[in-house]
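Undergrad: One structure, as structure tokens, below. Some questions next.
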Amino acid sequence: MLNRIVRIMGGDPNKRQVEKFSETVEIVNGLEEQFEGFNDEALRAKTNEFRLRLAQSEMLDDLLPEAFAAVREASKRTLGQRHYDVQLIGGIALHQGKIAEMRTGEGKTLVATLPLYLNALPLNPQWSELARRKWGEDPTRWTFEPLEETPVGQGVHLITVNDYLARRDARWMGVIYNALGLNVGVLQMAARTENGKKAFLVDFERESPHEDQHHLRMVDRREAYAADLTYGTNSEFGFDYLRDNMTMSLDDRVQRGHTYAIVDEVDNVLIDEARTPLIISGPAHDDTAWYVRMAQVVKSLSPEDYEISERDRTVTLTEIGETHVESLLDMPLRDPDRPEDVTPEQARLMGFLEQSLRAQHLFKRNKDYLVQAGKVIIIDEFTGRLMPGRRWSDGLHQAVEAKEGARVQSENVTYATITIQNYFRMYQKLAGMTGTAVTEAEEFDKIYKLDVLAIPTNLEYLASRADTTLIELEDRDEKGYKYQYYADQADSGRSPRFWKRKDYPDVVYRSEEAKLRAIVTEILHYHTSGRPILLGTTSVELSERISGRLRAEPVRRLVQVALLRQAWMEQHNRVEDGRVVPELEFLNQPLDQLPIAEMRKMAHELEIGFNPEAPDNLEKLLTILELSPAEATRLEGVLKAGIPHQVLNARKHTEESQIIAGAGAFGAVTIATNMAGRGVDIKLGGDLADQITAAVSRVLRRTGYADPYDMTLEEQRQALLTIDPAEYGIYEAEVNYFLKHMEDMQRVRDLGGLHVIGSERHEARRIDNQLRGRSARQGDPGSSRFYLSMEDELMRLFGGQQAESLMQRMRIDEAMPLEVGLVGRIVEQSQTRVEGANFDIRKHLLEYDDVLNMQRAKVYEQRNRIFT
Ligand SMILES: Nc1ncnc2c1ncn2[C@@H]1O[C@H](COP(=O)(O)OP(=O)(O)OP(=O)(O)O)[C@@H](O)[C@H]1O
Ligand SMILES: [Mg+2]
């Protein structure tokens, strides 16, 4: 009803909210000049002033404009980045406890600094009590410093999805908080922190050659929570909460309450991760021998003994199978006369058997888990990361250990458990941000009472203002694909200044082999021209398989096939029209099984050379790959040496930061699992360290540019070029580095920016969009394309048959892609269906945990009473 009224009145509620917030933004903008006037010390002193005013009963909301102005000013001075107006809007939404949906690459890391700072200001009640005792009732006499190790503020939390992002963001934003006199704690996983006893504080004095320790000082976990702000992952926060409630005294607790949290990548944390509760457990029964025995039994079964349903994730024994198992175990699984009466012993046996069957047939090594140093470690399906310490429940983990011949750890009993949902419901105020939330708005509302506010991109917002200098335009590229960009209104040539990402339509093949070939061909095409590429895969296994295909030999095979195909077509006066060509079908078998002798013979008959680098072949390849003649040398190099690339997956993540830092460089090829799917910020031309941007801003300021922060990097470059290099002074090295970087960046931009390739669809559309979102950030050029095959899991399990039979009937050549229109709908439908099913699973888990939650709350409350 309310919605209807709004519609009749002609207002989109989302838009009106944004408009309303922009009034506050104007107030913050109005304060800018005043804050620019403060020296560094005066700016830092603002924090104490704000805290004093809060102690004098001023309201937090009333402080918002000034606090935001202070953060923006601190950011300009330290990072050289000025929060855009939309970023302030996002900050207001987060302060109000909403979910801010801001597209990928819009700068949410920076947005979070505004509400985090504001909400870190209120005084810790224990501290106020101590202050009153020490200095009396009048807050003007107080000094806002820790008393008896009791921190001044209440502590606010920034939750993100992995350790890499937690430490990256804490350090990245740490300079802003430090400039305002606040300190920052960082949680990292147990393996790095003496089993969760320690954590870190951001400390810029502390240098280390190891990225994961640089600018971080190890401290007791408690100290990281005593900081004004604490960054960490949801499982670290959740486990600390559970452990705290298992300690024997209050002094051993590390957390100090749950006042305000911002959850970054909120859909991942509150929706995807919420499917598995956090569990702390200890050893119980010793059934290890049974798992080992059952694994052997299961391995010796034959296909007629069981039925697999990948779709329902179940394996069941057939009648033949039951008899077979009974003879292998030499004991009955049930009484033949009274099959319903199962003894407890037999029920347990069936339990082992069931898990062993699932372990054997449904759980795949290098996809669902890795075996490392004799241990089975789960790979998180959404983030592609290892989850050491987490175990599947109900004996499944043991069954997988037995299957892999790893040491089987005895089964566990649960000591403490909480769902992610219930952990986050404890916060007095909870906010979230992500690039992909709106599709899940209903769930956020129902379970967390969180509103989603969709915020326009910076460029959309700027272009919509009355005083805009931008204009949004549409054009078609050489292939006929539509794309949108922004140009300056003043520019009569209307040359693009900012871009929207080009999402090319999916390409679907019948077989996985054909899909992989198409992917490698695309990589070959872009890499040769120098465009950086990020290839996303859904498993470690696939990332390594594709990596293998970029070696010289398979690349040469691939182009040999292309050359043969083309020569044959030419000689037979045919063009590729999608129909099967029986004479060429032998070329469709897996690359490493191609009959070389036969191919050679065919090349001979077609009168072409077999060596792809021979000049006439090279020339043909340039045409096939749609490359310009100028790229012949690079192509030759690739044919000789393969395609140089980096792989980022759960097995290989120690160099994560370096790999990401280089992923946008000229010619870079990065293959990554979902690990690189979220939060990761890839800079075109390679990474530009913050100290460089800050140095450039200083030089520009000194030479008379009042607001270097308002300038784009390109404008800064232009400006620097007009300055006499003698003026660079002590920043000469930084400025020169910047100029060189800008040249590389320009090259990459001219080529079209980062190109993202998806190699499979994920169950949830959000995950796919996150991968695409690694490119075209902040108005940069960039594009994406997904390659699918009818053999992909999603297609196989959810409605691929329709399309497959269609392809069969139409006799479409395996090497040829299918028109997307046909299958596009099927893909979408499958995804929606799975998303719906998953929502149901989460609802049930929560209903179940709700009961537990009441109990937990009671027990923990009693413990607290006993302790205090
Ligand atoms: N106000 C600003 N001025 C200049 N650059 C900015 C500004 N805000 C953000 N950026 C830059 O934009 C890039 C993307 O930022 P960030 O990684 O925070 O985006 P995000 O919204 O978190 O994206 P994702 O959804 O992928 O996590 C970063 O390189 C950051 O430095
Ligand atoms: Mg982010």
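Letters for chains follow the order of the structure tokens (A, B, ...), residue numbers begin at 1 for each chain, and ligand numbers begin at 1 in the order shown.
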Name the residues in contact with segment 265-277 of chain A at a cut-off of 8 Å, using only C-alpha atoms, excluding same-chain residues fewer than 2 positions from it; report them as a list of chain:residue names.
TA: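 Counting only C-alpha atoms, the residues come to A:Ile99, A:Thr160, A:Val161, A:Asn234, A:Val263, A:Ile279, A:Phe382, A:Thr417, A:Ile418, A:Thr419, A:Ile420, A:Gln421, A:Gly432, A:Met433, A:Thr434, A:Gly435, A:Thr436, A:Ala437, A:Glu440, A:Arg678, A:Gly679, A:Ile841, A:Arg842, A:Leu845.
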Undergrad: Neighbours of segment 527-532 of chain A within 8 Å (only C-alpha atoms; same-chain residues fewer than 4 positions away dropped), as a VMD selection string?
TA: chain A and resid 523 627 631 634 to 635 638 643 663 to 669 748 751 to 755
Undergrad: Since we have the selection now, will you write its residues out, keeping N, CA and C atoms, as a compact mmCIF listing (two decimals), in the first residue's frame?
TA:
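Contents of result38.txt, as written:
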# COMPACT_ATOMS: atom_id res chain seq x y z
N ILE A 523 42.33 -15.68 -24.45
CA ILE A 523 43.51 -15.21 -23.73
C ILE A 523 44.62 -14.88 -24.71
N LEU A 627 44.35 -10.06 -34.88
CA LEU A 627 45.41 -9.21 -34.35
C LEU A 627 46.01 -8.41 -35.49
N GLU A 631 51.64 -7.04 -34.24
CA GLU A 631 51.76 -7.91 -33.07
C GLU A 631 52.42 -9.25 -33.40
N ARG A 634 55.18 -10.43 -30.90
CA ARG A 634 54.67 -10.90 -29.61
C ARG A 634 54.01 -12.27 -29.76
N LEU A 635 53.28 -12.44 -30.85
CA LEU A 635 52.62 -13.72 -31.08
C LEU A 635 53.65 -14.84 -31.23
N VAL A 638 54.91 -15.86 -27.90
CA VAL A 638 53.95 -16.68 -27.15
C VAL A 638 53.93 -18.11 -27.68
N ILE A 643 52.10 -18.81 -22.72
CA ILE A 643 51.57 -17.55 -22.20
C ILE A 643 51.96 -17.41 -20.74
N ALA A 663 48.37 -7.68 -11.36
CA ALA A 663 47.37 -8.25 -12.25
C ALA A 663 46.86 -7.29 -13.32
N GLY A 664 47.04 -5.99 -13.11
CA GLY A 664 46.54 -5.04 -14.10
C GLY A 664 47.63 -4.53 -15.02
N ALA A 665 48.82 -5.10 -14.91
CA ALA A 665 49.95 -4.61 -15.70
C ALA A 665 49.81 -5.01 -17.17
N PHE A 666 50.52 -4.35 -18.03
CA PHE A 666 50.53 -4.63 -19.45
C PHE A 666 50.80 -6.12 -19.68
N GLY A 667 49.90 -6.81 -20.37
CA GLY A 667 50.12 -8.22 -20.73
C GLY A 667 49.96 -9.22 -19.60
N ALA A 668 49.55 -8.79 -18.41
CA ALA A 668 49.44 -9.73 -17.29
C ALA A 668 48.27 -10.69 -17.51
N VAL A 669 48.49 -11.97 -17.17
CA VAL A 669 47.40 -12.94 -17.20
C VAL A 669 47.33 -13.58 -15.82
N VAL A 748 47.50 0.46 -21.18
CA VAL A 748 46.49 -0.54 -20.82
C VAL A 748 45.08 0.01 -21.05
N LEU A 751 44.09 -0.01 -24.61
CA LEU A 751 43.75 -1.36 -25.08
C LEU A 751 42.38 -1.82 -24.58
N GLY A 752 41.80 -1.08 -23.64
CA GLY A 752 40.46 -1.45 -23.17
C GLY A 752 40.42 -1.88 -21.71
N GLY A 753 41.53 -1.74 -21.00
CA GLY A 753 41.53 -2.06 -19.56
C GLY A 753 41.55 -3.55 -19.29
N LEU A 754 41.21 -3.89 -18.06
CA LEU A 754 41.23 -5.30 -17.66
C LEU A 754 40.05 -6.05 -18.29
N HIS A 755 40.36 -7.22 -18.83
CA HIS A 755 39.30 -8.07 -19.37
C HIS A 755 39.12 -9.27 -18.45
Undergrad: List all protein, DNA and RNA residues that have at least one atom no more than 8 Å from any atom of ligand 1, counting only C-alpha atoms and all ligand atoms, and write them as a ChimeraX atom specification.
TA: /A:80-84,87,102-111,264-265,434-435,678-683,709,712,770,773-774,777-778
Undergrad: Run DSSP on the backbone and tell me which residues of segment 142-178 of chain A come out as strand (DSSP E or B); list them as a list in words.
TA: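 Secondary structure check on segment 142-178 of chain A, strand (DSSP E or B): Leu147, Thr150, Gly153, Val156, His157, Leu158, Ile159 and Thr160 of chain A.
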Undergrad: Write out the residues from the selection above, keeping N, CA, C and O atoms, as a compact mmCIF listing (two decimals), in the first residue's frame.
TA:
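Final file, selection-v5.txt:
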# COMPACT_ATOMS: atom_id res chain seq x y z
N LEU A 147 42.41 4.94 30.66
CA LEU A 147 42.63 4.95 32.11
C LEU A 147 42.68 3.52 32.59
O LEU A 147 41.77 2.74 32.31
N THR A 150 41.74 0.97 30.37
CA THR A 150 40.37 1.00 29.84
C THR A 150 40.31 2.01 28.69
O THR A 150 40.63 3.17 28.89
N GLY A 153 37.06 4.85 23.89
CA GLY A 153 35.90 4.61 23.03
C GLY A 153 35.28 3.25 23.29
O GLY A 153 35.78 2.46 24.09
N VAL A 156 34.54 -0.19 17.66
CA VAL A 156 33.64 -0.57 16.57
C VAL A 156 34.35 -1.57 15.67
O VAL A 156 35.57 -1.63 15.65
N HIS A 157 33.57 -2.36 14.96
CA HIS A 157 34.14 -3.47 14.19
C HIS A 157 33.87 -3.35 12.69
O HIS A 157 32.77 -2.99 12.29
N LEU A 158 34.87 -3.66 11.92
CA LEU A 158 34.69 -3.77 10.47
C LEU A 158 34.92 -5.22 10.12
O LEU A 158 36.02 -5.74 10.31
N ILE A 159 33.88 -5.87 9.62
CA ILE A 159 33.97 -7.29 9.32
C ILE A 159 34.09 -7.49 7.81
O ILE A 159 33.32 -6.92 7.04
N THR A 160 35.04 -8.29 7.43
CA THR A 160 35.18 -8.55 6.00
C THR A 160 35.38 -10.04 5.78
O THR A 160 35.26 -10.82 6.71
Undergrad: For Ile378 of chain A, list every protein, DNA or RNA residue within 10 Å, evaluated using only C-alpha atoms, and leave out those in the same chain fewer than 5 positions away; present the list as a PyMOL selection string.
TA: chain A and resi 365-371+384-392+397+650
Undergrad: Pick from A:Leu43, A:Ala676, A:Gln566, A:Ile455: nearest to ligand 2, with only C-alpha atoms and all ligand atoms counted?
TA: A:Ala676
Undergrad: When distances are computed from only C-alpha atoms and all ligand atoms, which of A:Asn588, A:Thr343, A:Asn48, A:Asn162 shows the smallest separation from ligand 2?
TA: A:Asn162
Undergrad: Name all residues at most 7 Å from Leu94 of chain A (count only C-alpha atoms; drop same-chain ones fewer than 4 positions away) and give them as a count of residues only.
TA: 7
Undergrad: Could you name the residues that touch Val699 of chain A at 8 Å or less, counting only C-alpha atoms, but leaving out those on the same chain fewer than 5 positions away, as JSON, numbers by chain?
TA: {"A": [727, 728, 731]}
Undergrad: Using only C-alpha atoms, which of A:Leu64, A:Ile89, A:Val452, A:Leu470 sits nearest Ala490 of chain A?
TA: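 Smallest distance to Ala490 of chain A is found for A:Leu470.
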Undergrad: Name all residues at most 10 Å from Glu460 of chain A (count only C-alpha atoms; drop same-chain ones fewer than 6 positions away) and give them as a list in words.
TA: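 Contacts, with the query itself left out: Val86, Leu470, Ile471, Glu472 and Tyr486 of chain A.
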Undergrad: Just to confirm, what's the straight-line distance from atom CA of Val186 of chain A to atom CA of Ala661 of chain A in Å (one decimal)?
TA: 21.3 Å
Undergrad: Neighbours of segment 121-134 of chain A within 7 Å (only C-alpha atoms; same-chain residues fewer than 4 positions away dropped), as a PyMOL selection string?
TA: chain A and resi 51+54+117+142+147+150-154
Undergrad: Considering only C-alpha atoms and all ligand atoms, can you say which of A:Trp172, A:Gly321, A:Glu26, A:Glu49 comes closest to ligand 2?
TA: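 Going through A:Trp172, A:Gly321, A:Glu26, A:Glu49 one by one, the smallest distance to ligand 2 is for A:Trp172.
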